[in-house]
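Trainee: Structure provided below as structure tokens; questions to follow.
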Amino acid sequence: MKKVLFSFICLFAFLPIFNAEEDLAPNSKSAILIEASTGQILFEKNSDEQLKPASMTKIMSMLLIMEAIDSGKLSLEDSVMISKNASSMGGSQIFLQEGETYKVSELLKGIAIASGNDAVIALSEKVGGSVDNFVKMMNDRAKSLGLTNTHFVNPHGLDAEDHYSSARDMSIMGRELLKHEKILEFTSIYEDYLKKPDGSSTWLVNTNKLVRFYNGADGLKTGFTEGAGYCVTTTAKRNDMRILSVVMGVETPDKRSSDTTNLLNYGFNTYQVQSILKKGDVLGSTKVLGGKKENVDVVLLEDITEIIQVNEENKTYTHEVNINEISAPVHYGDIVGQVIVYDQNGKEVAKEDITVAEDVEKASIWDLFGRNLRFFTSFA
């Protein structure tokens with residue numbers, strides 16, 4: 001394993017604005033604020049309390065839908081026929097009728113904007129084969145994310161026994177959904193129309209008013225039921241920093257917006273993302289055993305950043321690159337090692353996977369013959 005050491009200095013100076021000890025979400029039973037790229041918690045309040053998530057449940061539903069799309073199992077252009085089960089769903093809906101056919105993109109818009117319970121049932125049947133199997137997929141995915149305070153019994157979030165989550169778990173689900181950036185093209189829409197097969201249209205208006213009124217807000221999902229009260233998972237981006245907040249158990253929609261605004265303002269005015277290394281940065285090169293190409297550069301798979309508080313002093317970072325032995329074939333995206341970043345005190349700041357900068361196929365017998373011939377003739 002190879003190790004390479006680098007160092008560099010990052011300078012910054014900002015002024016503190018908020019007192020981190022104050023309750024930024026006084027109207028919420030529980031709340032959390034995280035920075036999305038690192039998952040670092042900036043504020044939390046009773047964040048592990050199990051509460052009803054209402055339609056924030058659809059964050060997990062949308063995650064499974066987006067994973068199916070990005071894996072090629074589903075297309076935004078695929079057609080979905082509305083079942084009797086989907087059309088009969090109560091609560092928030094976009095008034096789908098049994099036998100109608102819509103594109104996946106139209107139904108996803110109906111979930112993201114108008115929180116359509118009928119739309120999420122239709123897509124859960126499409127992705128999971130049945131609602132019951134889709135719910136199993138939801139719980140399996142929750143387990144894979146390490147969520148310890150979450151259990152689903154439906155894809156939409158209507159109150160049900162044994163259906164619960166927590167602010168922390170919702171923030172983890174939201175962060176995972178944000179890895180599928182296409183979803184923001186839907187959640188950021190404030191209003192639109194769904195064209196019906198009969199030529200009429202249904203007005204879709206976003207249940208998250210902050211998408212319209214808060215600078216940088218572009219998702220993710222509100223919720224309300226009698227059992228849950230008002231809740232919302234919100235994300236916003238400014239100056240290359242994306243943060244995500246969750247508030248749960250709020251009495252009114254105005255108080256929900258107020259607590260969320262407090263959290264987002266605190267995040268944007270108190271923290272900044274400090275870039276350390278960027279996705280695609282070349283971190284060295286290594287031999288490829290049996291490869292058509294003998295050497296290949298290794299690059300970073302994701303950005304590495306640190307969240308900086310405004311009162312911190314200048315910092316120095318070092319990073320260490322550990323490259324595994326690589327044999328052909330190897331392709332971009334294959335994990336071939338890691339880079340570990342340390343601060344000036346030697347504390348580990350981040351760890352990220354590295355990959356090859358290009359695909360390297362296995363060398364043919366003629367490639368190896370020519371290589372050996374060149375080696376021996378070089379001594380002639």
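Residues are named by chain letter and number: chains run A, B, ... in the order of the structure tokens, numbers start at 1 in each chain, and ligands are numbered from 1 in the order shown.
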With a distance cut-off of 12 Å and only C-alpha atoms, select the neighbouring residues of stretch 324-332 of chain A, excluding the residue or stretch itself and same-chain residues fewer than 6 positions from it, and output the selection as a ChimeraX atom specification.

Mentor: /A:1-3,280,285-301,338-339,353-364

Trainee: Based on the backbone DSSP call, show me all residues of stretch 96-321 of chain A assigned helix (DSSP H, G or I), as a count of residues only.

Mentor: 76

Trainee: Which residues in stretch 202-349 of chain A does DSSP call strand (DSSP E)? List them as JSON, numbers by chain.

Mentor: {"A": [202, 203, 204, 205, 217, 218, 219, 220, 221, 222, 223, 224, 225, 229, 230, 231, 232, 233, 234, 235, 236, 237, 238, 241, 242, 243, 244, 245, 246, 247, 248, 249, 250, 271, 272, 273, 274, 275, 276, 277, 282, 283, 284, 285, 286, 287, 288, 289, 295, 296, 297, 298, 299, 300, 304, 305, 306, 307, 308, 309, 315, 316, 317, 318, 319, 320, 321, 322, 323, 326, 327, 337, 338, 339, 340, 341, 342, 348, 349]}

Trainee: For A:Thr38, list every protein, DNA or RNA residue within 10 Å, evaluated using only C-alpha atoms, and leave out those in the same chain fewer than 5 positions away; present the list as a compact mmCIF listing (two decimals) with C-alpha atoms, in the first residue's frame.

Mentor:
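The new file out_21.txt reads:
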```txt
# COMPACT_ATOMS: atom_id res chain seq x y z
CA ARG A 175 -29.24 13.52 3.01
CA ARG A 242 -26.24 22.96 1.53
CA ILE A 243 -27.92 22.44 4.88
CA VAL A 273 -18.02 24.84 4.06
CA ASP A 303 -15.46 16.37 -2.46
CA ILE A 304 -13.81 16.56 0.94
CA THR A 305 -14.87 19.51 3.05
CA GLU A 306 -14.92 20.63 6.65
CA ILE A 307 -17.56 22.75 8.34
CA ALA A 350 -12.36 13.09 6.81
```

Trainee: Please compute the atom CA of A:Asp48-atom CA of A:His151 distance, one decimal, in Å.

Mentor: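 If I compute the distance from atom CA of A:Asp48 to atom CA of A:His151, I get 13.2 Å.
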
Trainee: Rounded to one decimal, what separation in Å do you get between atom CA of A:Tyr342 and atom CA of A:Leu283?

Mentor: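 Separating atom CA of A:Tyr342 from atom CA of A:Leu283 is a distance of 15.5 Å.
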
Trainee: For A:Ser115, which residue among A:Val153, A:Ile59, A:Val349, A:Val135 is the nearest when counting only C-alpha atoms?

Mentor: A:Ile59

Trainee: Compare A:Asp169, A:Glu125, A:Glu77, A:Glu106 by their minimum atom-to-atom distance to A:Leu33, counting only C-alpha atoms, and give me the closest one.

Mentor: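 Of all the options, A:Asp169 lies closest to A:Leu33.
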
Trainee: For A:Val131, please output as a list in words all residues within 9 Å (counting only C-alpha atoms; exclusion window: fewer than 6 positions along the same chain).

Mentor: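 The contact residues come out as Ile121, Ala122, Ser124, Glu125, Asn154 and Pro155 of chain A.
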
Trainee: With N, CA, C and O atoms retained, write the just-selected residues as a compact mmCIF listing (two decimals), in the first residue's frame.

Mentor:
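See again.txt below for the written result:
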```txt
# COMPACT_ATOMS: atom_id res chain seq x y z
N ILE A 121 -48.69 5.71 -3.88
CA ILE A 121 -49.14 4.31 -3.93
C ILE A 121 -48.94 3.75 -5.33
O ILE A 121 -48.47 2.61 -5.50
N ALA A 122 -49.28 4.53 -6.35
CA ALA A 122 -49.10 4.07 -7.73
C ALA A 122 -47.63 3.73 -8.02
O ALA A 122 -47.33 2.70 -8.63
N SER A 124 -45.27 3.09 -5.74
CA SER A 124 -44.80 2.00 -4.87
C SER A 124 -45.19 0.65 -5.47
O SER A 124 -44.44 -0.32 -5.39
N GLU A 125 -46.37 0.60 -6.09
CA GLU A 125 -46.79 -0.63 -6.77
C GLU A 125 -45.90 -0.90 -7.99
O GLU A 125 -45.56 -2.05 -8.28
N ASN A 154 -46.47 2.04 5.85
CA ASN A 154 -47.06 2.47 4.58
C ASN A 154 -46.11 3.45 3.89
O ASN A 154 -45.17 3.95 4.51
N PRO A 155 -46.33 3.73 2.58
CA PRO A 155 -45.43 4.62 1.85
C PRO A 155 -45.79 6.09 1.92
O PRO A 155 -45.06 6.92 1.39
```
